[in-house]
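Student: One structure coming up, written as structure tokens, with questions to follow.
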Amino acid sequence: MKRKKLIGSIVRYALYAAVAAFFIWAISNSYFDYIFSQSETFLVLLRQHVVLVLVSSLLAILIAVPAGILITRPKFKKAEWIFSNIANLGQTIPSLAVLALMISVLGIGFRTAVFALFIYSILPIFRNTVAGIDSIDKNMIDAAKGMGMKPHQILFRIELPNSAYSILAGIRTAVVLNIGTAALAYVVGAGGLGVWIFTGINLFDNGFLISGAIPVTLLAILADYILRKVEYIVVPKGSRRIEKA
Amino acid sequence: MEKWARFLEVNSSRILELTIDHAILVSLAIFVALLIGIPLGIYLTTNQYLADTVLQIASITLTIPSIALFGVMIPIFSLINQGIGFVPAFVALVLYSQLPIIRNTYTGIKNVNPEMRDAAIGMGMKTRQRLLRVEIPNALPVIMAGVRTAVVMNIGIAVIAAYIGAGGLGVLITQGISRNDNYLIISGSIAVAILAIIADAILLLIQKRFTKKAIAE
């Protein structure tokens with residue numbers, strides 16, 4: 001048992017060491033300098049990036065969650081498989097293509113990027129909402145009916161609390177994906193930290209690459225962490241699952 | 001429609017070539033990822049402490065945006081003169097496929113019915129026999145689900161790898177963007193989608209073919 005724990009610790013600390021070595025190497029080569037020497041540009045790009053993600057994610061949540069609830073009502077139950085299949089197919093279209101195709105519809109600029117990100121993040125949220133509501137134990141809904149609950153009471157007191165975990169996981173996936181896709185917003189001229197990454201690729205400038213890529217990475221990891229905490233707070237105790245990596 | 005016919009007449013051979021490039025890049029990456037991920041996932045079922053660590057690392061890796069990972073890899077691989085092209089794209093794809101493969105192997109084997117495992121021990125099977133004859137066949141549907149997730153995801157990520165010169169169907173899309181040519185963008189993305197759907201279908205067939213009947217129910 002001791003040996004197994006030792007192997008685990010070695011792997012963990014080796015990884016910490018590798019990350020630390022990377023940062024020391026990057027700092028000693030002054031790859032982070034652009035963040036400080038061009039801090040104004042950096043803040044503008046960071047703000048663009050965050051606004052892109054926030055606006056498109058909020059819009060997607062506002063559309064996808066109600067749509068997922070609507071499609072699981074008995075009236076629309078028959079249409080469910082069509083929409084689920086469309087959602088599955090849509091997921092195979094590359095995000096870059098969604099962005100690129102929006103150019104011909106909306107031109108270049110901020111609005112195009114927001115719209116493309118919005119379209120792309122509807123799918124995971126919609127899918128998880130439908131899956132979450134569908135996976136609820138039918139006996140529980142029967143019990144609620146037997147207690148004389150009306151359909152809207154069943155929705156708000158039984159279905160939504162029990163599928164909260166799945167819905168929030170969908171939102172988390174969408175937001176994290178969105179942060180990555182927003183880095184591609186450069187190609188439609190919407191700014192964001194992707195500007196520095198692409199500049200770095202085009203100019204072979206490691207400074208721009210690292211100064212652009214590391215903040216995007218930290219943003220994604222931070223968003224994932226925060227949304228996991230939100231999940232833990234929002235999901236009711238009874239339906240909380242054991243936290244897994 | 002006529003324009004499409006003319007476009008395809010001129011470009012179909014190139015699209016096919018790029019599709020094959022794309023498929024080769026993804027399948028090589030998946031092959032290596034399987035060689036690492038499945039043995040690791042199996043080993044993790046015997047070491048809980050390491051399992052927590054590895055799964056955590058893999059899930060953090062998956063949250064890293066692909067273009068950012070390429071951005072970090074270019075300077076690192078430049079040290080060995082492989083900054084852009086096949087190598088960074090390949091390494092990124094292998095890294096991204098680790099989480100679905102390791103996690104599904106791990107949970108698949110962990111969730112094998114303990115009574116079945118007891119029965120195998122009672123029949124006098126050795127650890128290796130138990131693994132090959134009981135645990136892996138029972139966990140196969142879960143493992144394959146992980147592989148399918150990884151393949152479909154990688155086909156999408158490999159598109160972005162065109163920006164760092166790894167070739168594949170992303171080339172059509174990036175060229176379409178810079179030339180403002182919707183035919184290139186649309187044909188590229190449809191080819192990617194079809195590739196993903198076909199790969200998923202083939203893997204599903206393999207999964208069904210090799211799953212024992214008793215387990216499939």
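Identifiers in the structure tokens: chain A, B, ... in order shown; residue index from 1 per chain; ligand index from 1 in order shown.
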What residues in region 7-243 of chain A get the DSSP label alpha helix (DSSP H)? Please answer as number ranges by chain.

Tutor: A: 7-28, 33-37, 39-71, 80-90, 95-106, 110-134, 138-146, 151-153, 160-182, 194-203, 206-234

Student: Hey, list the chain A side of the contact with chain B: 8 Å cut-off, only C-alpha atoms, answer as JSON, numbers by chain.

Tutor: {"A": [4, 5, 7, 8, 9, 11, 12, 89, 92, 93, 94, 95, 96, 97, 100, 101, 104, 176, 177, 179, 180, 181, 183, 184, 187, 197, 200, 201, 206, 209, 210, 212, 213, 214, 216, 217, 220, 221, 224, 245]}

Student: Could you write those residues out with N, CA and C atoms, as a tab-separated table (two decimals), in the first residue's frame?

Tutor:
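Produced file part.tsv, reproduced below:
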chain	number	residue	atom	x	y	z
A	4	LYS	N	2.30	2.02	-3.42
A	4	LYS	CA	1.33	2.61	-4.35
A	4	LYS	C	1.16	4.10	-4.11
A	5	LYS	N	1.08	4.44	-2.81
A	5	LYS	CA	0.92	5.85	-2.48
A	5	LYS	C	2.15	6.64	-2.93
A	7	ILE	N	4.11	5.93	-5.50
A	7	ILE	CA	4.06	6.14	-6.96
A	7	ILE	C	3.15	7.32	-7.27
A	8	GLY	N	1.98	7.34	-6.61
A	8	GLY	CA	1.04	8.45	-6.82
A	8	GLY	C	1.67	9.78	-6.50
A	9	SER	N	2.37	9.86	-5.36
A	9	SER	CA	2.99	11.12	-4.97
A	9	SER	C	4.06	11.53	-5.97
A	11	VAL	N	4.25	10.85	-9.16
A	11	VAL	CA	3.63	11.38	-10.38
A	11	VAL	C	3.15	12.80	-10.15
A	12	ARG	N	2.46	13.00	-8.99
A	12	ARG	CA	1.90	14.32	-8.70
A	12	ARG	C	3.00	15.38	-8.63
A	89	LEU	N	-25.52	15.72	-34.57
A	89	LEU	CA	-24.87	16.00	-35.85
A	89	LEU	C	-24.14	17.34	-35.79
A	92	THR	N	-20.60	17.62	-34.62
A	92	THR	CA	-19.46	17.17	-35.42
A	92	THR	C	-18.95	18.25	-36.36
A	93	ILE	N	-19.72	19.34	-36.52
A	93	ILE	CA	-19.23	20.43	-37.37
A	93	ILE	C	-18.18	21.21	-36.59
A	94	PRO	N	-16.98	21.41	-37.18
A	94	PRO	CA	-15.91	22.06	-36.43
A	94	PRO	C	-16.27	23.52	-36.08
A	95	SER	N	-15.81	23.93	-34.88
A	95	SER	CA	-16.14	25.29	-34.41
A	95	SER	C	-15.61	26.35	-35.35
A	96	LEU	N	-14.42	26.06	-35.91
A	96	LEU	CA	-13.81	27.02	-36.83
A	96	LEU	C	-14.72	27.27	-38.02
A	97	ALA	N	-15.38	26.20	-38.50
A	97	ALA	CA	-16.25	26.34	-39.66
A	97	ALA	C	-17.48	27.17	-39.33
A	100	ALA	N	-16.39	30.67	-39.42
A	100	ALA	CA	-16.08	31.12	-40.77
A	100	ALA	C	-17.34	31.34	-41.59
A	101	LEU	N	-18.31	30.43	-41.43
A	101	LEU	CA	-19.53	30.55	-42.24
A	101	LEU	C	-20.35	31.76	-41.82
A	104	SER	N	-20.00	35.15	-43.88
A	104	SER	CA	-20.75	35.48	-45.09
A	104	SER	C	-22.18	35.92	-44.75
A	176	VAL	N	-16.52	26.31	-20.97
A	176	VAL	CA	-15.11	26.01	-21.15
A	176	VAL	C	-14.77	25.90	-22.65
A	177	LEU	N	-15.66	25.22	-23.41
A	177	LEU	CA	-15.46	25.13	-24.86
A	177	LEU	C	-15.44	26.52	-25.49
A	179	ILE	N	-14.60	29.37	-24.18
A	179	ILE	CA	-13.38	30.14	-23.95
A	179	ILE	C	-12.34	29.76	-25.00
A	180	GLY	N	-12.27	28.47	-25.33
A	180	GLY	CA	-11.34	28.04	-26.37
A	180	GLY	C	-11.74	28.53	-27.75
A	181	THR	N	-13.04	28.45	-28.05
A	181	THR	CA	-13.49	28.88	-29.37
A	181	THR	C	-13.35	30.40	-29.53
A	183	ALA	N	-11.01	32.09	-28.59
A	183	ALA	CA	-9.64	32.37	-29.01
A	183	ALA	C	-9.51	32.32	-30.53
A	184	LEU	N	-10.49	31.65	-31.19
A	184	LEU	CA	-10.47	31.61	-32.66
A	184	LEU	C	-11.20	32.81	-33.25
A	187	VAL	N	-10.19	35.12	-36.24
A	187	VAL	CA	-10.38	34.94	-37.69
A	187	VAL	C	-11.59	35.72	-38.21
A	197	ILE	N	-2.15	34.90	-29.91
A	197	ILE	CA	-1.72	33.55	-30.28
A	197	ILE	C	-1.45	33.49	-31.78
A	200	GLY	N	1.56	35.36	-32.78
A	200	GLY	CA	2.74	34.56	-32.44
A	200	GLY	C	3.01	33.49	-33.47
A	201	ILE	N	1.93	32.83	-33.95
A	201	ILE	CA	2.12	31.78	-34.96
A	201	ILE	C	2.65	32.39	-36.25
A	206	ASN	N	7.69	33.64	-29.85
A	206	ASN	CA	7.30	32.88	-28.66
A	206	ASN	C	6.68	33.76	-27.61
A	209	LEU	N	3.07	34.16	-28.36
A	209	LEU	CA	2.41	32.86	-28.19
A	209	LEU	C	2.11	32.60	-26.72
A	210	ILE	N	3.17	32.72	-25.88
A	210	ILE	CA	3.00	32.40	-24.46
A	210	ILE	C	2.10	33.44	-23.78
A	212	GLY	N	-0.26	35.04	-24.98
A	212	GLY	CA	-1.66	34.85	-25.35
A	212	GLY	C	-2.21	33.53	-24.85
A	213	ALA	N	-1.41	32.48	-24.96
A	213	ALA	CA	-1.93	31.14	-24.68
A	213	ALA	C	-2.11	30.86	-23.19
A	214	ILE	N	-1.15	31.31	-22.37
A	214	ILE	CA	-1.25	30.99	-20.94
A	214	ILE	C	-2.47	31.67	-20.29
A	216	VAL	N	-5.31	32.42	-21.71
A	216	VAL	CA	-6.50	31.70	-22.16
A	216	VAL	C	-6.65	30.39	-21.38
A	217	THR	N	-5.52	29.68	-21.21
A	217	THR	CA	-5.55	28.42	-20.48
A	217	THR	C	-6.02	28.64	-19.04
A	220	ALA	N	-9.70	29.27	-18.82
A	220	ALA	CA	-10.52	28.07	-18.97
A	220	ALA	C	-10.51	27.25	-17.69
A	221	ILE	N	-9.31	27.09	-17.09
A	221	ILE	CA	-9.22	26.27	-15.87
A	221	ILE	C	-9.98	26.95	-14.73
A	224	ASP	N	-13.74	26.55	-15.22
A	224	ASP	CA	-14.11	25.18	-14.88
A	224	ASP	C	-14.22	25.02	-13.36
A	245	ALA	N	-13.38	13.38	-10.47
A	245	ALA	CA	-12.46	14.19	-11.26
A	245	ALA	C	-12.99	14.38	-12.66

Student: For Asp134 (chain A), which residue out of A:Arg228, A:His49, A:Arg73, A:Arg3 is the nearest one, using only C-alpha atoms?

Tutor: A:Arg73

Student: Could you tell me how far CA of Ala26 (chain A) sits from CA of Leu46 (chain A), in Å to one decimal place?

Tutor: 20.3 Å

Student: Just the residues within 10 Å of Pro236 (chain A), please, counting only C-alpha atoms, with nothing from its chain fewer than 5 positions along; format it as a PDB file with N, CA and C atoms, in the first residue's frame.

Tutor:
ATOM      1  N   PRO A 161     -34.872  20.316  -9.997  1.00  0.00           N
ATOM      2  CA  PRO A 161     -33.852  20.025  -8.974  1.00  0.00           C
ATOM      3  C   PRO A 161     -33.109  18.722  -9.240  1.00  0.00           C
ATOM      4  N   ASN A 162     -33.828  17.712  -9.771  1.00  0.00           N
ATOM      5  CA  ASN A 162     -33.164  16.429  -9.983  1.00  0.00           C
ATOM      6  C   ASN A 162     -32.262  16.412 -11.206  1.00  0.00           C
ATOM      7  N   ALA A 164     -30.640  19.164 -12.131  1.00  0.00           N
ATOM      8  CA  ALA A 164     -29.758  20.335 -12.023  1.00  0.00           C
ATOM      9  C   ALA A 164     -28.304  19.972 -12.285  1.00  0.00           C
ATOM     10  N   TYR A 165     -27.893  18.810 -11.768  1.00  0.00           N
ATOM     11  CA  TYR A 165     -26.497  18.421 -11.930  1.00  0.00           C
ATOM     12  C   TYR A 165     -26.127  18.322 -13.408  1.00  0.00           C
ATOM     13  N   GLU A 231     -21.887  24.388  -9.103  1.00  0.00           N
ATOM     14  CA  GLU A 231     -22.646  23.147  -9.168  1.00  0.00           C
ATOM     15  C   GLU A 231     -22.873  22.604  -7.764  1.00  0.00           C
ATOM     16  N   ARG A 241     -24.156  14.173  -6.456  1.00  0.00           N
ATOM     17  CA  ARG A 241     -23.389  12.961  -6.701  1.00  0.00           C
ATOM     18  C   ARG A 241     -22.020  13.094  -6.095  1.00  0.00           C
TER      19      ARG A 241
END

Student: CA of Thr41 (chain A) and CA of Phe198 (chain A) are how many Å apart?

Tutor: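 Computing the Euclidean distance for CA of Thr41 (chain A) and CA of Phe198 (chain A) yields 15.0 Å.
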
Student: To one decimal in Å, tell me the separation between CA of Phe210 (chain B) and CA of Ile86 (chain A).

Tutor: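 Going from CA of Phe210 (chain B) over to CA of Ile86 (chain A) covers 28.8 Å.
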
Student: So, with only C-alpha atoms as the atoms that count, which of B:Phe77, B:Gln129, B:Leu18, B:Leu184 lies closest to Ala89 (chain B)?

Tutor: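 Of the candidates, the smallest distance to Ala89 (chain B) is held by B:Phe77.
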
Student: For Thr105 (chain B), find every residue with an atom within 7 Å (counting only C-alpha atoms), except residues of its own chain fewer than 6 positions away, and show them as a PyMOL selection string.

Tutor: chain B and resi 38+41-42+143

Student: Write the residues of the selection above to a file with C-alpha atoms, as a PDB file, in the first residue's frame.

Tutor:
ATOM      1  CA  ILE B  38      -5.738   1.412 -21.708  1.00  0.00           C
ATOM      2  CA  GLY B  41      -6.526   2.747 -16.960  1.00  0.00           C
ATOM      3  CA  ILE B  42      -6.211  -0.938 -16.052  1.00  0.00           C
ATOM      4  CA  ILE B 143     -14.084   1.413 -23.011  1.00  0.00           C
TER       5      ILE B 143
END

Student: What's the 8 Å shell around Ala223 (chain A), counting only C-alpha atoms, without same-chain residues fewer than 3 positions away, as a PyMOL selection string?

Tutor: chain A and resi 172+175-176+219-220+226-227

Student: Could you turn the residues from that selection into a file that holds N, CA and C atoms, as an mmCIF file, in the first residue's frame?

Tutor:
data_model
loop_
_atom_site.group_PDB
_atom_site.id
_atom_site.type_symbol
_atom_site.label_atom_id
_atom_site.label_comp_id
_atom_site.auth_asym_id
_atom_site.auth_seq_id
_atom_site.Cartn_x
_atom_site.Cartn_y
_atom_site.Cartn_z
ATOM 1 N N ARG A 172 -21.292 24.074 -17.902
ATOM 2 C CA ARG A 172 -19.839 24.154 -17.671
ATOM 3 C C ARG A 172 -19.069 23.743 -18.928
ATOM 4 N N VAL A 175 -19.287 26.560 -21.481
ATOM 5 C CA VAL A 175 -18.489 27.756 -21.185
ATOM 6 C C VAL A 175 -17.011 27.488 -21.429
ATOM 7 N N VAL A 176 -16.524 26.308 -20.967
ATOM 8 C CA VAL A 176 -15.107 26.006 -21.153
ATOM 9 C C VAL A 176 -14.771 25.897 -22.648
ATOM 10 N N LEU A 219 -7.748 31.077 -17.884
ATOM 11 C CA LEU A 219 -9.160 31.475 -17.908
ATOM 12 C C LEU A 219 -10.059 30.240 -17.955
ATOM 13 N N ALA A 220 -9.703 29.274 -18.817
ATOM 14 C CA ALA A 220 -10.525 28.074 -18.969
ATOM 15 C C ALA A 220 -10.512 27.246 -17.686
ATOM 16 N N ILE A 226 -14.614 27.408 -11.002
ATOM 17 C CA ILE A 226 -15.704 28.186 -10.407
ATOM 18 C C ILE A 226 -17.046 27.501 -10.649
ATOM 19 N N LEU A 227 -17.259 27.023 -11.889
ATOM 20 C CA LEU A 227 -18.553 26.428 -12.204
ATOM 21 C C LEU A 227 -18.760 25.114 -11.458
#

Student: Env of region 110-113 of chain B: 9 Å cut, atoms = only C-alpha atoms, seq-sep filter 6 positions within chain, self excluded. Answer as a list in words.

Tutor: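 Here the answer would be Thr45, Val134, Glu135, Ile136, Asn138 and Ala139 of chain B.
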
Student: Contacts of Ala199 (chain B) at 12 Å or less, counting only C-alpha atoms, minus same-chain residues fewer than 6 places along, as a PyMOL selection string?

Tutor: (chain A and resi 92) or (chain B and resi 22-24+26-27+30+147-155+192-193+205-206)
